[in-house]
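Chemist: Have a peek at entry.txt (compact mmCIF, C-alpha atoms).
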```
# COMPACT_ATOMS: atom_id res chain seq x y z
CA MET A 1 8.33 -49.96 -19.22
CA ASP A 2 7.88 -46.23 -18.66
CA GLY A 3 11.11 -46.00 -16.72
CA PRO A 4 13.87 -43.42 -16.44
CA HIS A 5 15.79 -45.11 -19.26
CA ASP A 6 13.28 -43.96 -21.89
CA LEU A 7 15.01 -40.64 -22.43
CA GLY A 8 14.21 -39.65 -26.01
CA GLY A 9 12.82 -36.10 -26.06
CA LYS A 10 13.01 -35.53 -22.30
CA GLU A 11 14.09 -32.01 -21.46
CA GLY A 12 16.22 -30.43 -18.78
CA PHE A 13 19.39 -32.51 -18.85
CA GLY A 14 21.51 -29.56 -19.89
CA PRO A 15 24.45 -29.29 -22.26
CA ILE A 16 26.54 -32.25 -23.38
CA VAL A 17 30.06 -32.48 -22.06
CA THR A 18 31.78 -32.93 -25.40
CA ASP A 19 35.43 -32.77 -24.38
CA GLU A 20 36.57 -35.89 -22.64
CA PRO A 21 39.82 -37.85 -22.65
CA ASP A 22 40.23 -39.76 -25.91
CA VAL A 23 40.69 -43.11 -24.18
CA PRO A 24 38.20 -45.95 -23.88
CA PHE A 25 38.21 -46.06 -20.08
CA HIS A 26 38.41 -42.93 -17.94
CA HIS A 27 38.87 -44.85 -14.68
CA GLU A 28 40.42 -48.21 -13.99
CA TRP A 29 37.15 -49.53 -12.59
CA GLU A 30 35.41 -48.83 -15.90
CA GLY A 31 37.85 -51.13 -17.64
CA ARG A 32 37.38 -53.79 -14.95
CA MET A 33 33.62 -53.58 -15.47
CA TRP A 34 33.99 -53.87 -19.23
CA GLY A 35 36.24 -56.91 -18.84
CA ILE A 36 33.86 -58.56 -16.38
CA SER A 37 30.91 -58.09 -18.71
CA ARG A 38 32.83 -59.40 -21.73
CA SER A 39 34.10 -62.51 -19.95
CA SER A 40 31.18 -63.63 -17.80
CA GLY A 41 27.46 -63.40 -17.19
CA ALA A 42 24.71 -64.93 -15.12
CA PRO A 43 23.23 -68.10 -16.64
CA GLY A 44 20.38 -67.75 -19.10
CA VAL A 45 20.53 -63.98 -19.38
CA THR A 46 19.36 -62.65 -22.74
CA ILE A 47 20.42 -59.22 -23.89
CA ASP A 48 16.88 -57.92 -23.35
CA TRP A 49 16.58 -59.38 -19.87
CA TRP A 50 19.89 -57.70 -19.05
CA ARG A 51 18.56 -54.40 -20.43
CA HIS A 52 15.35 -54.78 -18.46
CA VAL A 53 17.24 -55.48 -15.25
CA ARG A 54 19.16 -52.25 -15.86
CA GLU A 55 15.91 -50.39 -16.52
CA LEU A 56 14.63 -51.57 -13.14
CA ILE A 57 17.35 -49.73 -11.21
CA ASP A 58 15.83 -47.09 -8.93
CA PRO A 59 15.16 -44.03 -11.13
CA VAL A 60 17.23 -41.68 -8.97
CA ASP A 61 20.20 -44.06 -9.14
CA TYR A 62 19.68 -44.66 -12.85
CA LEU A 63 19.92 -40.97 -13.65
CA SER A 64 22.60 -39.95 -11.19
CA ARG A 65 25.19 -42.73 -10.97
CA PRO A 66 28.01 -43.23 -13.51
CA TYR A 67 27.29 -45.33 -16.56
CA PHE A 68 29.49 -48.36 -15.90
CA ASP A 69 28.41 -48.28 -12.26
CA SER A 70 24.94 -49.19 -13.50
CA TRP A 71 26.49 -52.15 -15.28
CA ALA A 72 27.97 -53.37 -11.98
CA GLN A 73 24.60 -53.13 -10.27
CA THR A 74 22.89 -54.82 -13.22
CA GLU A 75 25.39 -57.69 -13.23
CA LEU A 76 24.99 -58.18 -9.49
CA ALA A 77 21.21 -58.13 -9.76
CA THR A 78 21.19 -60.70 -12.56
CA TYR A 79 23.51 -62.98 -10.57
CA ILE A 80 21.39 -62.62 -7.45
CA HIS A 81 18.19 -63.20 -9.39
CA ALA A 82 19.74 -66.31 -10.95
CA GLY A 83 20.74 -67.61 -7.50
CA VAL A 84 24.46 -67.59 -8.23
CA ILE A 85 25.28 -64.84 -5.73
CA THR A 86 23.29 -64.09 -2.57
CA LEU A 87 22.56 -60.73 -0.99
CA ASP A 88 24.34 -61.95 2.13
CA GLU A 89 27.45 -62.56 0.06
CA VAL A 90 27.23 -59.02 -1.29
CA LYS A 91 26.85 -57.68 2.25
CA SER A 92 29.79 -59.67 3.61
CA GLY A 93 31.92 -59.38 0.48
CA ARG A 94 32.78 -63.09 0.76
CA SER A 95 31.57 -66.10 -1.15
CA ALA A 96 29.70 -68.50 1.13
CA SER A 97 30.15 -71.50 -1.15
CA ARG A 98 33.22 -73.44 -2.19
CA LYS A 99 34.78 -72.62 -5.52
CA GLU A 100 33.23 -75.09 -7.93
CA ARG A 101 35.07 -74.23 -11.11
CA THR A 102 38.06 -72.39 -12.46
CA ALA A 103 37.53 -69.50 -14.82
CA LYS A 104 39.40 -69.55 -18.09
CA THR A 105 42.50 -67.41 -18.44
CA ILE A 106 42.83 -65.85 -21.87
CA SER A 107 45.21 -63.43 -23.59
CA ALA A 108 44.33 -60.19 -25.36
CA ALA A 109 44.72 -62.02 -28.68
CA ASP A 110 42.22 -64.62 -27.45
CA ALA A 111 39.87 -61.83 -26.41
CA ILE A 112 40.03 -60.30 -29.89
CA ALA A 113 39.27 -63.70 -31.41
CA PHE A 114 36.39 -64.32 -29.00
CA ASP A 115 35.01 -60.90 -29.77
CA GLY A 116 35.04 -61.72 -33.47
CA ALA A 117 33.19 -64.95 -32.77
CA SER A 118 30.55 -63.34 -30.53
CA ARG A 119 28.47 -62.07 -33.40
CA ALA A 120 25.03 -62.57 -31.88
CA ASP A 121 22.65 -63.06 -34.79
CA PHE A 122 19.08 -61.95 -34.12
CA ALA A 123 17.73 -62.75 -37.58
CA ARG A 124 15.21 -65.60 -37.74
CA THR A 125 13.22 -67.21 -40.50
CA ILE A 126 9.48 -67.03 -39.87
CA GLU A 127 6.52 -68.26 -41.88
CA ALA A 128 4.42 -65.13 -41.61
CA ALA A 129 4.66 -62.76 -44.55
CA PRO A 130 5.64 -59.18 -43.72
CA ARG A 131 2.58 -57.02 -43.13
CA PHE A 132 4.25 -53.85 -44.39
CA ALA A 133 6.47 -52.80 -47.28
CA PRO A 134 8.73 -49.78 -47.80
CA GLY A 135 6.62 -46.69 -48.46
CA ASP A 136 3.66 -47.88 -46.36
CA LYS A 137 2.18 -45.34 -43.98
CA VAL A 138 1.96 -46.67 -40.43
CA LEU A 139 0.81 -45.53 -37.03
CA THR A 140 2.69 -46.72 -33.97
CA LYS A 141 0.76 -48.23 -31.10
CA PRO A 142 -0.22 -45.75 -28.39
CA PHE A 143 0.86 -48.17 -25.64
CA THR A 144 3.01 -51.27 -25.45
CA GLN A 145 3.86 -53.13 -22.24
CA THR A 146 4.55 -52.27 -18.64
CA HIS A 147 7.63 -54.50 -18.94
CA HIS A 148 10.54 -54.41 -21.39
CA THR A 149 9.75 -52.88 -24.76
CA ARG A 150 11.71 -51.10 -27.46
CA LEU A 151 9.03 -48.71 -28.66
CA PRO A 152 10.13 -45.48 -26.96
CA ALA A 153 7.49 -43.24 -25.41
CA TYR A 154 8.27 -40.38 -27.79
CA ALA A 155 7.33 -42.50 -30.81
CA ARG A 156 4.06 -44.00 -29.55
CA GLY A 157 0.84 -43.15 -31.34
CA LYS A 158 2.77 -41.36 -34.09
CA PRO A 159 2.47 -41.48 -37.88
CA GLY A 160 5.49 -42.75 -39.77
CA THR A 161 6.53 -44.35 -43.04
CA VAL A 162 8.20 -47.70 -43.53
CA HIS A 163 11.69 -46.95 -44.83
CA ALA A 164 13.01 -50.52 -45.04
CA HIS A 165 12.14 -54.08 -44.09
CA HIS A 166 14.97 -55.92 -42.32
CA GLY A 167 13.50 -59.42 -42.27
CA ALA A 168 12.49 -61.00 -38.97
CA HIS A 169 14.42 -60.49 -35.75
CA VAL A 170 14.01 -61.89 -32.24
CA PHE A 171 11.33 -59.77 -30.58
CA ALA A 172 12.85 -57.82 -27.69
CA ASP A 173 9.72 -57.75 -25.54
CA GLU A 174 9.60 -61.57 -25.51
CA ASN A 175 13.37 -62.08 -25.52
CA ALA A 176 13.44 -60.29 -22.16
CA LYS A 177 11.35 -63.19 -20.83
CA GLY A 178 13.64 -65.76 -22.41
CA ASN A 179 11.34 -66.48 -25.36
CA ASP A 180 13.12 -66.68 -28.70
CA VAL A 181 10.23 -65.62 -30.93
CA ALA A 182 10.67 -63.39 -33.95
CA GLN A 183 8.70 -60.75 -35.81
CA HIS A 184 9.30 -58.77 -38.93
CA ILE A 185 11.24 -55.62 -38.18
CA TYR A 186 11.21 -52.35 -40.07
CA SER A 187 13.13 -49.13 -40.21
CA VAL A 188 10.35 -46.56 -39.77
CA VAL A 189 10.94 -42.89 -40.46
CA PHE A 190 9.18 -40.05 -38.65
CA GLU A 191 9.13 -36.38 -39.58
CA ALA A 192 10.32 -34.18 -36.73
CA LYS A 193 7.11 -32.13 -36.90
CA ASP A 194 5.09 -35.26 -36.13
CA LEU A 195 7.09 -35.89 -32.96
CA TRP A 196 7.92 -32.47 -31.54
CA PRO A 197 5.72 -29.39 -31.19
CA GLU A 198 8.60 -26.96 -31.76
CA ALA A 199 10.05 -28.69 -34.82
CA GLY A 200 8.26 -26.47 -37.34
CA SER A 201 9.70 -26.92 -40.81
CA ARG A 202 13.08 -28.26 -39.67
CA ARG A 203 14.35 -30.85 -42.09
CA ASP A 204 14.93 -33.50 -39.43
CA ARG A 205 13.83 -37.09 -39.83
CA ILE A 206 14.05 -39.70 -37.10
CA PHE A 207 14.49 -43.37 -37.96
CA LEU A 208 13.61 -46.15 -35.52
CA ASP A 209 13.86 -49.92 -35.90
CA LEU A 210 10.44 -51.23 -34.89
CA TRP A 211 8.90 -54.69 -34.70
CA GLU A 212 5.71 -55.38 -36.60
CA SER A 213 3.45 -55.61 -33.53
CA TYR A 214 4.34 -52.01 -32.66
CA LEU A 215 2.74 -50.87 -35.90
CA GLU A 216 -0.73 -50.45 -37.37
CA PRO A 217 -1.57 -49.58 -40.97
CA SER A 218 -2.46 -45.94 -41.44
CA MET B 1 16.32 -68.88 -18.29
CA THR B 2 15.67 -68.02 -14.67
CA ASP B 3 12.11 -67.17 -13.83
CA TYR B 4 11.06 -63.83 -15.22
CA ASP B 5 10.28 -61.65 -12.26
CA PRO B 6 10.78 -57.89 -12.68
CA ALA B 7 9.25 -57.12 -9.27
CA LYS B 8 11.80 -59.34 -7.59
CA VAL B 9 14.61 -57.65 -9.51
CA ALA B 10 13.35 -54.22 -8.44
CA GLU B 11 13.49 -55.46 -4.86
CA ILE B 12 17.05 -56.76 -5.38
CA HIS B 13 18.02 -53.32 -6.67
CA ARG B 14 16.61 -51.69 -3.54
CA HIS B 15 18.67 -54.05 -1.39
CA LEU B 16 21.76 -53.35 -3.44
CA HIS B 17 21.12 -49.63 -3.08
CA SER B 18 21.22 -50.06 0.69
CA HIS B 19 24.14 -52.45 0.93
CA LEU B 20 26.62 -51.58 -1.76
CA PRO B 21 29.29 -48.98 -1.09
CA SER B 22 28.63 -45.66 -2.79
CA GLU B 23 31.98 -45.43 -4.58
CA PRO B 24 31.72 -46.98 -8.10
CA ALA B 25 35.22 -48.47 -7.92
CA LEU B 26 34.26 -50.32 -4.73
CA ARG B 27 31.04 -51.62 -6.27
CA VAL B 28 32.88 -53.05 -9.25
CA LYS B 29 35.50 -54.46 -6.89
CA ALA B 30 32.76 -56.15 -4.88
CA LEU B 31 31.40 -57.76 -8.03
CA GLU B 32 34.81 -58.81 -9.30
CA SER B 33 35.85 -60.27 -5.91
CA LEU B 34 32.78 -62.45 -5.63
CA LEU B 35 33.04 -63.68 -9.22
CA VAL B 36 36.74 -64.45 -8.82
CA GLU B 37 36.14 -66.26 -5.54
CA LYS B 38 33.48 -68.37 -7.19
CA GLY B 39 35.71 -69.19 -10.12
CA LEU B 40 33.45 -67.40 -12.59
CA VAL B 41 35.93 -64.75 -13.71
CA ASP B 42 39.70 -64.67 -13.98
CA PRO B 43 41.36 -61.30 -13.23
CA GLN B 44 43.89 -61.83 -16.02
CA THR B 45 41.06 -62.39 -18.46
CA ILE B 46 39.58 -59.06 -17.44
CA ASP B 47 43.01 -57.50 -18.14
CA ALA B 48 42.98 -59.18 -21.55
CA TRP B 49 39.62 -57.65 -22.45
CA VAL B 50 40.75 -54.21 -21.31
CA GLU B 51 43.84 -54.57 -23.48
CA ALA B 52 41.83 -55.83 -26.47
CA TYR B 53 39.48 -52.85 -26.30
CA SER B 54 42.30 -50.39 -25.64
CA GLU B 55 44.65 -51.47 -28.42
CA GLU B 56 42.99 -53.38 -31.25
CA ILE B 57 39.23 -53.02 -31.04
CA GLY B 58 38.43 -49.34 -31.40
CA PRO B 59 37.59 -46.50 -33.77
CA LYS B 60 40.64 -47.19 -35.92
CA ARG B 61 38.71 -50.17 -37.29
CA GLY B 62 35.79 -47.98 -38.30
CA ALA B 63 38.22 -45.48 -39.80
CA ALA B 64 39.78 -48.22 -41.93
CA VAL B 65 36.32 -49.15 -43.20
CA VAL B 66 35.52 -45.54 -44.10
CA ALA B 67 38.87 -45.04 -45.84
CA LYS B 68 38.32 -48.18 -47.86
CA ALA B 69 34.85 -46.99 -48.84
CA TRP B 70 36.37 -43.68 -50.00
CA THR B 71 38.87 -45.39 -52.26
CA ASP B 72 36.99 -48.45 -53.48
CA ASP B 73 33.55 -47.82 -55.01
CA ALA B 74 32.67 -51.50 -55.15
CA PHE B 75 33.45 -51.89 -51.44
CA LYS B 76 31.42 -48.78 -50.67
CA ALA B 77 28.45 -50.23 -52.54
CA ARG B 78 28.77 -53.47 -50.55
CA LEU B 79 29.12 -51.51 -47.30
CA LEU B 80 25.95 -49.53 -47.93
CA SER B 81 23.93 -52.57 -49.00
CA ASP B 82 25.14 -55.07 -46.37
CA GLY B 83 27.31 -53.46 -43.71
CA THR B 84 28.03 -56.65 -41.80
CA ALA B 85 29.22 -58.58 -44.85
CA ALA B 86 31.43 -55.66 -45.86
CA ILE B 87 33.16 -55.21 -42.50
CA ASP B 88 33.50 -58.98 -42.30
CA GLU B 89 35.91 -58.69 -45.25
CA LEU B 90 38.19 -56.76 -42.90
CA GLY B 91 37.63 -59.09 -39.94
CA PHE B 92 35.73 -56.51 -37.90
CA VAL B 93 32.42 -58.27 -37.22
CA GLY B 94 31.94 -59.21 -33.59
CA ASN B 95 30.30 -57.77 -30.50
CA ALA B 96 27.07 -55.98 -31.57
CA THR B 97 27.81 -55.79 -35.28
CA ALA B 98 25.99 -58.80 -36.72
CA HIS B 99 23.41 -56.36 -38.13
CA LEU B 100 25.37 -53.33 -39.23
CA LYS B 101 23.85 -50.58 -41.34
CA ALA B 102 26.15 -47.97 -42.88
CA VAL B 103 24.57 -44.59 -43.64
CA GLU B 104 26.30 -42.08 -45.86
CA ASN B 105 26.62 -38.34 -45.42
CA THR B 106 26.20 -36.25 -48.56
CA ASP B 107 26.08 -32.53 -49.31
CA GLY B 108 22.35 -32.65 -48.54
CA ILE B 109 22.20 -35.25 -45.74
CA HIS B 110 23.79 -35.51 -42.33
CA ASN B 111 23.39 -38.67 -40.23
CA LEU B 112 23.48 -38.87 -36.44
CA VAL B 113 23.32 -42.05 -34.33
CA VAL B 114 21.88 -42.42 -30.83
CA CYS B 115 20.37 -45.03 -28.55
CA THR B 116 17.66 -43.29 -26.53
CA LEU B 117 16.69 -46.43 -24.58
CA CYS B 118 20.11 -47.62 -23.41
CA SER B 119 23.48 -47.18 -25.06
CA CYS B 120 23.62 -49.53 -28.07
CA TYR B 121 26.82 -49.07 -30.04
CA PRO B 122 28.76 -51.07 -32.69
CA PHE B 123 31.42 -52.18 -30.22
CA SER B 124 33.54 -54.46 -32.42
CA LEU B 125 33.82 -51.68 -35.01
CA LEU B 126 34.17 -48.51 -32.90
CA GLY B 127 35.23 -49.87 -29.50
CA VAL B 128 33.84 -48.62 -26.21
CA ALA B 129 31.39 -45.75 -26.66
CA PRO B 130 32.47 -42.29 -25.55
CA ASN B 131 31.02 -41.12 -22.28
CA TRP B 132 28.88 -38.39 -23.81
CA TYR B 133 27.08 -40.96 -25.99
CA LYS B 134 25.81 -42.66 -22.82
CA THR B 135 24.67 -39.53 -21.00
CA ALA B 136 21.05 -38.53 -20.46
CA ALA B 137 21.87 -35.16 -22.06
CA TYR B 138 22.79 -36.75 -25.40
CA ARG B 139 20.24 -39.55 -25.38
CA SER B 140 17.36 -37.19 -24.61
CA ARG B 141 18.17 -34.44 -27.09
CA ALA B 142 19.67 -36.20 -30.11
CA VAL B 143 16.21 -37.14 -31.40
CA ARG B 144 14.52 -33.86 -30.51
CA ASP B 145 17.11 -31.16 -31.09
CA PRO B 146 19.80 -32.76 -33.27
CA ARG B 147 20.94 -29.43 -34.69
CA GLY B 148 21.35 -28.02 -31.19
CA VAL B 149 23.31 -31.13 -30.16
CA LEU B 150 25.52 -30.83 -33.22
CA ALA B 151 26.16 -27.14 -32.48
CA GLU B 152 27.48 -28.16 -29.07
CA PHE B 153 30.00 -30.33 -30.89
CA GLY B 154 30.92 -27.33 -33.05
CA VAL B 155 29.04 -28.66 -36.09
CA GLU B 156 26.79 -26.17 -37.86
CA ILE B 157 24.22 -27.68 -40.23
CA ALA B 158 22.70 -25.47 -42.92
CA ASP B 159 18.90 -25.27 -42.95
CA ASP B 160 18.69 -26.97 -46.33
CA VAL B 161 20.64 -30.02 -45.14
CA GLU B 162 18.43 -32.87 -43.94
CA VAL B 163 19.41 -34.34 -40.58
CA ARG B 164 18.70 -38.04 -40.24
CA VAL B 165 18.76 -39.35 -36.69
CA TRP B 166 19.06 -43.11 -36.25
CA ASP B 167 17.72 -44.29 -32.88
CA SER B 168 19.16 -47.78 -32.27
CA THR B 169 15.99 -49.28 -30.83
CA ALA B 170 16.62 -52.88 -31.96
CA GLU B 171 19.71 -54.94 -32.83
CA LEU B 172 20.71 -52.99 -35.91
CA ARG B 173 23.79 -50.85 -35.32
CA TYR B 174 24.77 -47.82 -37.33
CA LEU B 175 27.99 -46.52 -38.85
CA VAL B 176 28.02 -43.04 -40.35
CA VAL B 177 30.20 -42.81 -43.45
CA PRO B 178 31.43 -39.20 -43.47
CA GLN B 179 32.31 -37.30 -46.64
CA ARG B 180 35.87 -37.51 -47.88
CA PRO B 181 37.57 -34.15 -47.40
CA ALA B 182 38.72 -32.27 -50.50
CA GLY B 183 42.43 -32.10 -51.21
CA THR B 184 43.16 -35.68 -50.23
CA ASP B 185 43.73 -37.20 -53.66
CA ASP B 186 47.34 -37.97 -52.85
CA LEU B 187 46.58 -39.93 -49.69
CA ASP B 188 46.50 -43.72 -49.53
CA GLU B 189 44.01 -45.68 -47.42
CA ALA B 190 46.10 -45.48 -44.27
CA GLY B 191 46.56 -41.74 -44.73
CA LEU B 192 42.83 -41.30 -45.25
CA ALA B 193 41.95 -43.45 -42.25
CA ALA B 194 43.99 -41.11 -40.05
CA LEU B 195 41.57 -38.30 -40.97
CA VAL B 196 38.44 -40.12 -39.80
CA THR B 197 37.38 -39.20 -36.29
CA ARG B 198 35.32 -41.44 -34.06
CA ASN B 199 32.73 -38.69 -33.68
CA ALA B 200 32.36 -38.47 -37.47
CA MET B 201 31.36 -42.15 -37.49
CA ILE B 202 28.66 -41.44 -34.88
CA GLY B 203 27.65 -38.22 -36.60
CA THR B 204 28.76 -35.57 -34.09
CA ASP B 205 31.50 -34.45 -36.46
CA ARG B 206 30.91 -33.59 -40.13
CA VAL B 207 33.62 -31.71 -42.00
CA LEU B 208 36.85 -33.64 -41.64
CA SER B 209 40.26 -32.03 -41.96
CA ALA B 210 42.43 -32.93 -44.95
CA THR B 211 45.44 -33.21 -42.68
CA ALA B 212 45.78 -35.65 -39.82
CA PRO B 213 46.25 -34.24 -36.32
CA GLU B 214 49.84 -34.32 -35.07
CA ALA B 215 50.48 -37.41 -33.00
CA SER B 216 50.83 -36.32 -29.40
```
What would the structure in this file look like if it were written as structure tokens?

Modeler:
Amino acid sequence: MDGPHDLGGKEGFGPIVTDEPDVPFHHEWEGRMWGISRSSGAPGVTIDWWRHVRELIDPVDYLSRPYFDSWAQTELATYIHAGVITLDEVKSGRSASRKERTAKTISAADAIAFDGASRADFARTIEAAPRFAPGDKVLTKPFTQTHHTRLPAYARGKPGTVHAHHGAHVFADENAKGNDVAQHIYSVVFEAKDLWPEAGSRRDRIFLDLWESYLEPS
Amino acid sequence: MTDYDPAKVAEIHRHLHSHLPSEPALRVKALESLLVEKGLVDPQTIDAWVEAYSEEIGPKRGAAVVAKAWTDDAFKARLLSDGTAAIDELGFVGNATAHLKAVENTDGIHNLVVCTLCSCYPFSLLGVAPNWYKTAAYRSRAVRDPRGVLAEFGVEIADDVEVRVWDSTAELRYLVVPQRPAGTDDLDEAGLAALVTRNAMIGTDRVLSATAPEAS
């Protein structure tokens, strides 16, 4: 999706605010949002569907509202889309249905243990042999999808070199639709001069992790 | 999962735009209240997660990994060849680190990590990402003007040093292994870990001090 989230190489966002408090949460509500997202989620939501729902936030809101605020809106949208929460409930601020279950109460030690167990593994075994090997020259596809994709606009239609093969991983574009299908995935390296007109002879190289269907032999 | 309907979600977002309060704290409160009322979230469990990511799960884990790599060549070799297996030895695998790749800075190479498409970050190893990492300013420029970005962090990179930018476009997550500062031969692992800054493990810091900052 050519949305506001696809920020690589966009200009005009100004300097980076590098000095910030050295604490994980700068406001209490940020911590609440983090805790909500770590302890719950709408049914059937894959990580790529969640990302896509966030990408679908109105572009002006996406670029102007605080980061964890976009998580709150994304969570609400996924719950509404899944039929767990209704828009009327959001408007009234009250649940219209009886409480059907009791959420688990855990300690910080439990949370640390859960975190250690939540090691989502995206590697899959597939029959297809990898089409590319390290050192191969490739050309990225000029277009992908109008929906969720992980080939950023700045790296489309560009020449690169396969740096490493990482086996097969669940393919993000399909995972967003709930389909657990995998493709070979590669670390592909691009020279800055092939991506940016002003790069000149700068010794910058940009590495992206790209699924096989994003690539053509070159 | 639920039916896949991006157009419907875009419509939901427009409704939320109209009906949610503007203040972020009130939006999160609205979400939390509904989830608590429905029995889907427990407020104490939210507290527990905040505590876990404020105390235990944070950059000190990554720093311990780096310090171990500096003092144990065999561990460093394992870290660079299979990051996840190596940090698993220390019990640090978890949220977003099942596919960890460690990349090493050298005299001739500097590594910088970004996620241009969202804000992917090795949470169980480095904790919650700093705010700047999630801003449009950083995400847009890290891949295009990494030396300019680094200069804003006070890091000057010589022309003959190669800058490698790692855009986290899939489920691999990156840990930068900074160079061990000179003059630290007498330090043990804990002493070395205290020298490793979070930014150095993302790549927005390069030359580490040989003395730890005073505890404030």

Chemist: Please, which residues in segment 113-210 of chain B fall within 12 Å of segment 150-165 of chain A when counting only C-alpha atoms, and what is the closest atom pair and distance in Å to one decimal for each, ordered by chain then residue number, as JSON lines?

Modeler:
```
{"residue": "B:Cys115", "atom": "CA", "partner": "A:Pro152", "partner_atom": "CA", "distance": 10.4}
{"residue": "B:Thr116", "atom": "CA", "partner": "A:Pro152", "partner_atom": "CA", "distance": 7.9}
{"residue": "B:Leu117", "atom": "CA", "partner": "A:Pro152", "partner_atom": "CA", "distance": 7.0}
{"residue": "B:Cys118", "atom": "CA", "partner": "A:Arg150", "partner_atom": "CA", "distance": 10.0}
{"residue": "B:Arg139", "atom": "CA", "partner": "A:Pro152", "partner_atom": "CA", "distance": 11.8}
{"residue": "B:Ser140", "atom": "CA", "partner": "A:Tyr154", "partner_atom": "CA", "distance": 10.1}
{"residue": "B:Arg141", "atom": "CA", "partner": "A:Tyr154", "partner_atom": "CA", "distance": 11.6}
{"residue": "B:Val143", "atom": "CA", "partner": "A:Tyr154", "partner_atom": "CA", "distance": 9.3}
{"residue": "B:Arg144", "atom": "CA", "partner": "A:Tyr154", "partner_atom": "CA", "distance": 9.4}
{"residue": "B:Trp166", "atom": "CA", "partner": "A:His163", "partner_atom": "CA", "distance": 11.9}
{"residue": "B:Asp167", "atom": "CA", "partner": "A:Pro152", "partner_atom": "CA", "distance": 9.7}
{"residue": "B:Ser168", "atom": "CA", "partner": "A:Arg150", "partner_atom": "CA", "distance": 9.5}
{"residue": "B:Thr169", "atom": "CA", "partner": "A:Arg150", "partner_atom": "CA", "distance": 5.7}
{"residue": "B:Ala170", "atom": "CA", "partner": "A:Arg150", "partner_atom": "CA", "distance": 6.9}
{"residue": "B:Glu171", "atom": "CA", "partner": "A:Arg150", "partner_atom": "CA", "distance": 10.4}
{"residue": "B:Leu172", "atom": "CA", "partner": "A:His165", "partner_atom": "CA", "distance": 11.9}
```

Chemist: As a ChimeraX atom specification, please: the residues near Ser95 of chain A (cut-off 8 Å, all atoms listed in the file, same-chain neighbours under 4 positions excluded).

Modeler: /A:85,89 /B:34,37-38

Chemist: Any idea what the distance is between atom CA of Ala182 of chain A and atom CA of Leu210 of chain A?

Modeler: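 So the two atoms, atom CA of Ala182 of chain A and atom CA of Leu210 of chain A, lie 12.2 Å apart.
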
Chemist: Let me know the centre plus edge lengths, in Å and rounded to one decimal, of a box with edges along x, y and z that contains all listed atoms of segment 34-48 of chain A and is padded by 3 Å on every side, as AutoDock Vina command-line options.

Modeler:
```
--center_x 26.6 --center_y -61.0 --center_z -19.5 --size_x 25.4 --size_y 20.2 --size_z 14.8
```

Chemist: I'd like the neighbourhood of Ile47 of chain A as JSON, numbers by chain, where a residue qualifies if any of its atoms comes within 8 Å (using only C-alpha atoms), though same-chain residues fewer than 3 positions away should be ignored.

Modeler: {"A": [50, 51, 175, 176]}

Chemist: For Arg206 of chain B, list every protein, DNA or RNA residue within 8 Å, evaluated using all atoms listed in the file, and leave out those in the same chain fewer than 2 positions away; present the list as a PyMOL selection string.

Modeler: chain B and resi 110+155+178-179+200+203-204+208

Chemist: With all atoms listed in the file considered, list every residue of chain B at most 6 Å from chain A, as a short mmCIF file (atom, residue, chain, number, x, y, z; two decimals) with C-alpha atoms, keeping the file's coordinate frame.

Modeler:
```
data_model
loop_
_atom_site.label_atom_id
_atom_site.label_comp_id
_atom_site.auth_asym_id
_atom_site.auth_seq_id
_atom_site.Cartn_x
_atom_site.Cartn_y
_atom_site.Cartn_z
CA MET B 1 16.32 -68.88 -18.29
CA THR B 2 15.67 -68.02 -14.67
CA TYR B 4 11.06 -63.83 -15.22
CA ALA B 10 13.35 -54.22 -8.44
CA HIS B 13 18.02 -53.32 -6.67
CA PRO B 24 31.72 -46.98 -8.10
CA ALA B 25 35.22 -48.47 -7.92
CA VAL B 28 32.88 -53.05 -9.25
CA LEU B 34 32.78 -62.45 -5.63
CA LYS B 38 33.48 -68.37 -7.19
CA GLY B 39 35.71 -69.19 -10.12
CA LEU B 40 33.45 -67.40 -12.59
CA VAL B 41 35.93 -64.75 -13.71
CA ASP B 42 39.70 -64.67 -13.98
CA THR B 45 41.06 -62.39 -18.46
CA ILE B 46 39.58 -59.06 -17.44
CA ALA B 48 42.98 -59.18 -21.55
CA TRP B 49 39.62 -57.65 -22.45
CA VAL B 50 40.75 -54.21 -21.31
CA GLU B 51 43.84 -54.57 -23.48
CA ALA B 52 41.83 -55.83 -26.47
CA VAL B 93 32.42 -58.27 -37.22
CA GLY B 94 31.94 -59.21 -33.59
CA ASN B 95 30.30 -57.77 -30.50
CA ALA B 98 25.99 -58.80 -36.72
CA THR B 116 17.66 -43.29 -26.53
CA LEU B 117 16.69 -46.43 -24.58
CA VAL B 128 33.84 -48.62 -26.21
CA ALA B 137 21.87 -35.16 -22.06
CA SER B 140 17.36 -37.19 -24.61
CA ARG B 141 18.17 -34.44 -27.09
CA ARG B 144 14.52 -33.86 -30.51
CA GLU B 162 18.43 -32.87 -43.94
CA VAL B 163 19.41 -34.34 -40.58
CA ARG B 164 18.70 -38.04 -40.24
CA VAL B 165 18.76 -39.35 -36.69
CA TRP B 166 19.06 -43.11 -36.25
CA ASP B 167 17.72 -44.29 -32.88
CA THR B 169 15.99 -49.28 -30.83
CA ALA B 170 16.62 -52.88 -31.96
#
```

Chemist: Which of these, B:Val114, B:Ala212, B:Val66, B:Ala30, has the shortest distance to Ala136 of chain B once you count all atoms listed in the file?

Modeler: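 The closest residue to Ala136 of chain B is B:Val114.
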
Chemist: For the atom pair atom CA of Glu23 of chain B and atom CA of Glu55 of chain B, what is the interatomic distance in Å to one decimal place?

Modeler: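 Result for atom CA of Glu23 of chain B versus atom CA of Glu55 of chain B: 27.7 Å, one decimal.
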